[in-house]
Amino acid sequence: MRRILIVGGGYAGFYTAWRLEKKLRRREAEVTLVDPRPYMTYQPFLPEVTAGSVEARHVAVSLRRNLRRTHLIAGSVVHIDHASRTATVRPPDGPERELHYDTIVITAGAVTRTFPIPGVADEAIGLKHVEEAVAIRDRLLTAFERAAALPPGPERRRLLTVTFVGGGFTGVEGFGELLSLATALLKYYPELSAGDLWFHLVEARDRILPEVTDEPGRWVVRHLEERGAHVHLGTKLVSADDGHIVLSDGAEYDNHLLVWTAGNQSNPVVARHTDLPVDESGLFRVRADLRIGTGDAPVPDAWAAGDNAAVPDLASDLPGALTVPNAQNAVRQGKRLAANLVADLRGRKAKPYVHHSLGTVATLGLGKGIFQYRRIVVTGLLAWLMHRGYHVLAVPTWERKVRVLLVWIAALIHGRDIVSLQSVQHPREAFVAATLGARDRRGTTAGAPE
């Protein structure tokens with residue numbers, strides 16, 4: 001059987017393997033997928049996880065439950081030598097191993113882009129994975145509990161100060177959802193008021209949401225500011241040492257929660273640890289049919305899709321345009337890639353990837369959103385409903401769709417769940433404290449006078 005190796009279990013990788021299982025005949029090919037996580041994260045729901053509108057487990061789609069005929073390996077591919085058809089895998093435990101393949105599909109995605117800004121490595125949380133979204137939510141909820149026990153002053157203000165760096169879709173959606181949660185929490189804390197909340201969105205460019213046109217982008221800024229947010233456009237983060245924020249526009253303040261959403265950069269394995277051709281941005285050079293290579297020089301048995309690939313956008317009128325690295329394209333590229341792999345395996349011609357955008361939609365908090373398709377712009381409740389409707393249809397598997405819908409229905413009836421479980425990030429603290437307390441009691445008893 002032909003050995004197909006898929007590197008990465010994100011959108012493109014998951015959908016490639018999922019479709020291959022449906023299209024391949026028995027014993028036609030052996031499919032192996034390598035990823036350090038046992039699940040695919042549906043990232044468009046992460047902002048709603050931060051607000052408690054979606055349960056964390058419901059945005060994670062189990063690879064083993066859904067890929068029954070795919071050989072799954074937990075680990076990270078750290079080197080690809082296509083000349084010898086070999087990939088080096090680093091598992092969580094034990095030594096590195098080499099995997100031999102006949103065809104490779106690289107859908108390793110991108111990594112968070114960071115800059116050497118003082119304090120960011122120590123203070124910031126990303127918003128690319130489930131555990132990050134949960135940590136953001138729990139930290140905000142815990143901050144409310146602590147702030148409510150304090151008198152008005154600098155420490156209360158610091159605990160209720162939140163900064164998001166990055167004004168793309170992830171940053172704006174996460175910011176809007178967390179602001180919506182914070183505003184909703186005030187009714188449970190009579191000690192606090194809206195004036196205690198300080199939410200800052202920092203964007204280096206002079207506008208947010210580059211995926212929409214100028215006027216809708218300006219509307220989003222006005223909308224957030226009307227809700228009490230501070231939007232810093234054309235501004236960079238200078239320092240975050242010890243939680244003290246310094247911005248290039250001169251603003252300085254003490255901060256409790258720093259969320260970094262300043263875009264993505266090329267996967268280091270793709271950019272530096274493979275003999276396959278990459279462009280100046282560290283992305284694979286990919287043809288329209290998703291083969292790695294150029295139109296005149298395709299690389300045999302090598303394919304790529306998703307955020308680690310520079311895929312030509314055949315639906316664009318601009319020469320040399322590339323597809324936008326988002327979930328909408330990654331999912332469809334994965335499906336097209338699976339069909340092309342089967343066609344190539346059976347001696348048929350692979351088809352090019354073409355996708356006309358369905359528009360852009362973003363949530364800005366409970367009941368608030370924005371949608372744009374060409375010149376059509378929808379804002380408010382209707383856009384928010386469109387966002388929820390689209391993504392509940394797009395999240396893979398009916399099991400996950402049903403679970404998400406049930407949580408939304410429960411929240412509609414009973415409201416948000418506002419319990420913080422930050423202690424689960426340190427599960428042994430209570431046990432260790434009890435153990436030390438028992439030891440102290442034994443020592444006191446042993447030393448007591450008769």
# chains A, B, ... in the order shown; residues from 1 in each chain; ligands from 1
call {"tool": "residues_around", "arguments": {"residues": "stretch 381-394 of chain A", "least_positions_apart": "6", "cutoff": "8 Å", "atoms": "only C-alpha atoms", "output": "list in words"}}
result
Pro44, Phe45, Val361, Ala362, Thr363, Leu364, Leu366, Gly367, Lys368, Gly369, Ile370, Phe371, Lys401, Val404 and Leu405 of chain A
call {"tool": "residues_around", "arguments": {"residues": "A:Gly250", "least_positions_apart": "2", "cutoff": "10 Å", "atoms": "only C-alpha atoms", "output": "VMD selection string"}}
result
chain A and resid 235 238 246 to 248 252
call {"tool": "write_last_selection", "arguments": {"atoms": "C-alpha atoms", "output": "PDB file, in the first residue's frame"}}
result
ATOM      1  CA  THR A 235       0.093  52.149  18.453  1.00  0.00           C
ATOM      2  CA  VAL A 238       6.632  49.083  24.140  1.00  0.00           C
ATOM      3  CA  VAL A 246       3.788  51.179  28.175  1.00  0.00           C
ATOM      4  CA  LEU A 247       2.385  52.085  24.737  1.00  0.00           C
ATOM      5  CA  SER A 248       4.003  54.036  21.916  1.00  0.00           C
ATOM      6  CA  GLU A 252       1.018  53.893  30.711  1.00  0.00           C
TER       7      GLU A 252
END
call {"tool": "residues_around", "arguments": {"residues": "A:Leu209", "least_positions_apart": "5", "cutoff": "7 Å", "atoms": "only C-alpha atoms", "output": "PyMOL selection string"}}
result
chain A and resi 167-169+217
call {"tool": "write_last_selection", "arguments": {"atoms": "C-alpha atoms", "output": "compact mmCIF listing (two decimals), in the first residue's frame"}}
result
# COMPACT_ATOMS: atom_id res chain seq x y z
CA GLY A 167 -6.64 43.99 15.93
CA GLY A 168 -7.22 41.12 13.53
CA PHE A 169 -10.25 38.84 13.70
CA GLY A 217 -13.82 48.71 10.45
call {"tool": "atom_distance", "arguments": {"atom1": "atom CA of A:Leu127", "atom2": "atom CA of A:Leu150"}}
result
29.3 Å
call {"tool": "closest_residue", "arguments": {"among": "A:Pro319, A:Gly166, A:Pro277, A:Gly52", "to": "A:Arg137", "atoms": "only C-alpha atoms"}}
result
A:Gly52
call {"tool": "atom_distance", "arguments": {"atom1": "atom CA of A:Thr435", "atom2": "atom CA of A:Glu131"}}
result
28.4 Å
call {"tool": "residues_around", "arguments": {"residues": "stretch 329-344 of chain A", "least_positions_apart": "5", "cutoff": "10 Å", "atoms": "only C-alpha atoms", "output": "MDAnalysis selection string"}}
result
chainID A and resid 4 10:25 28:29 103 105 107 109 289:291 301 303:307 309 311 323:324 349:357 394 396
call {"tool": "atom_distance", "arguments": {"atom1": "atom CA of A:Thr379", "atom2": "atom CA of A:Gly359"}}
result
13.4 Å
call {"tool": "select_by_dssp", "arguments": {"residues": "stretch 171-216 of chain A", "states": "helix (DSSP H, G or I)", "output": "list in words"}}
result
Gly171, Val172, Glu173, Gly174, Phe175, Gly176, Glu177, Leu178, Leu179, Ser180, Leu181, Ala182, Thr183, Ala184, Leu185, Leu186, Lys187, Tyr188, Ala194, Gly195, Asp196, Asp214, Glu215 and Pro216 of chain A
call {"tool": "write_last_selection", "arguments": {"atoms": "N, CA and C atoms", "output": "compact mmCIF listing (two decimals), in the first residue's frame"}}
result
# COMPACT_ATOMS: atom_id res chain seq x y z
N GLY A 171 -8.18 38.85 17.64
CA GLY A 171 -8.07 39.85 18.68
C GLY A 171 -9.37 40.60 18.92
N VAL A 172 -10.02 41.04 17.85
CA VAL A 172 -11.25 41.82 17.99
C VAL A 172 -12.37 40.96 18.54
N GLU A 173 -12.50 39.73 18.04
CA GLU A 173 -13.56 38.85 18.55
C GLU A 173 -13.32 38.49 20.02
N GLY A 174 -12.07 38.13 20.35
CA GLY A 174 -11.77 37.81 21.74
C GLY A 174 -11.98 39.00 22.66
N PHE A 175 -11.57 40.18 22.21
CA PHE A 175 -11.74 41.41 22.99
C PHE A 175 -13.23 41.71 23.21
N GLY A 176 -14.01 41.65 22.13
CA GLY A 176 -15.43 41.95 22.23
C GLY A 176 -16.17 40.97 23.13
N GLU A 177 -15.84 39.69 23.01
CA GLU A 177 -16.49 38.68 23.84
C GLU A 177 -16.12 38.83 25.31
N LEU A 178 -14.84 39.09 25.60
CA LEU A 178 -14.43 39.23 27.00
C LEU A 178 -15.01 40.50 27.62
N LEU A 179 -15.10 41.57 26.83
CA LEU A 179 -15.73 42.80 27.31
C LEU A 179 -17.21 42.54 27.60
N SER A 180 -17.87 41.77 26.75
CA SER A 180 -19.27 41.42 26.98
C SER A 180 -19.43 40.63 28.27
N LEU A 181 -18.52 39.66 28.52
CA LEU A 181 -18.57 38.89 29.76
C LEU A 181 -18.36 39.79 30.97
N ALA A 182 -17.37 40.67 30.91
CA ALA A 182 -17.06 41.55 32.04
C ALA A 182 -18.24 42.45 32.36
N THR A 183 -18.87 43.00 31.33
CA THR A 183 -20.03 43.87 31.54
C THR A 183 -21.19 43.10 32.17
N ALA A 184 -21.40 41.86 31.72
CA ALA A 184 -22.48 41.04 32.26
C ALA A 184 -22.21 40.66 33.72
N LEU A 185 -20.94 40.52 34.09
CA LEU A 185 -20.60 40.13 35.46
C LEU A 185 -20.95 41.20 36.49
N LEU A 186 -21.03 42.44 36.08
CA LEU A 186 -21.23 43.54 37.03
C LEU A 186 -22.50 43.39 37.85
N LYS A 187 -23.52 42.78 37.28
CA LYS A 187 -24.78 42.66 38.03
C LYS A 187 -24.65 41.69 39.21
N TYR A 188 -23.62 40.84 39.17
CA TYR A 188 -23.40 39.92 40.28
C TYR A 188 -22.44 40.49 41.34
N ALA A 194 -19.26 49.86 36.12
CA ALA A 194 -18.67 49.91 34.79
C ALA A 194 -17.42 50.78 34.75
N GLY A 195 -17.37 51.80 35.62
CA GLY A 195 -16.19 52.66 35.66
C GLY A 195 -14.94 51.98 36.16
N ASP A 196 -15.09 50.80 36.77
CA ASP A 196 -13.92 50.05 37.25
C ASP A 196 -13.26 49.23 36.14
N ASP A 214 -12.99 49.77 4.95
CA ASP A 214 -12.69 50.82 5.94
C ASP A 214 -13.87 51.21 6.81
N GLU A 215 -15.03 51.48 6.21
CA GLU A 215 -16.15 51.98 6.99
C GLU A 215 -16.66 50.96 8.02
N PRO A 216 -16.83 49.68 7.66
CA PRO A 216 -17.20 48.70 8.70
C PRO A 216 -16.15 48.60 9.80
call {"tool": "closest_residue", "arguments": {"among": "A:Val130, A:Leu258, A:Ala135, A:Leu192", "to": "A:Pro151", "atoms": "only C-alpha atoms"}}
result
A:Leu192
call {"tool": "select_by_dssp", "arguments": {"residues": "stretch 315-399 of chain A", "states": "strand (DSSP E)", "output": "PyMOL selection string"}}
result
chain A and resi 360-365+368-373+376-379
call {"tool": "closest_residue", "arguments": {"among": "A:Glu225, A:Arg400, A:Phe115, A:Val424", "to": "A:Met40", "atoms": "only C-alpha atoms"}}
result
A:Arg400
call {"tool": "closest_residue", "arguments": {"among": "A:Ala56, A:Leu237, A:Val432, A:Leu197", "to": "A:Asp249", "atoms": "only C-alpha atoms"}}
result
A:Leu237
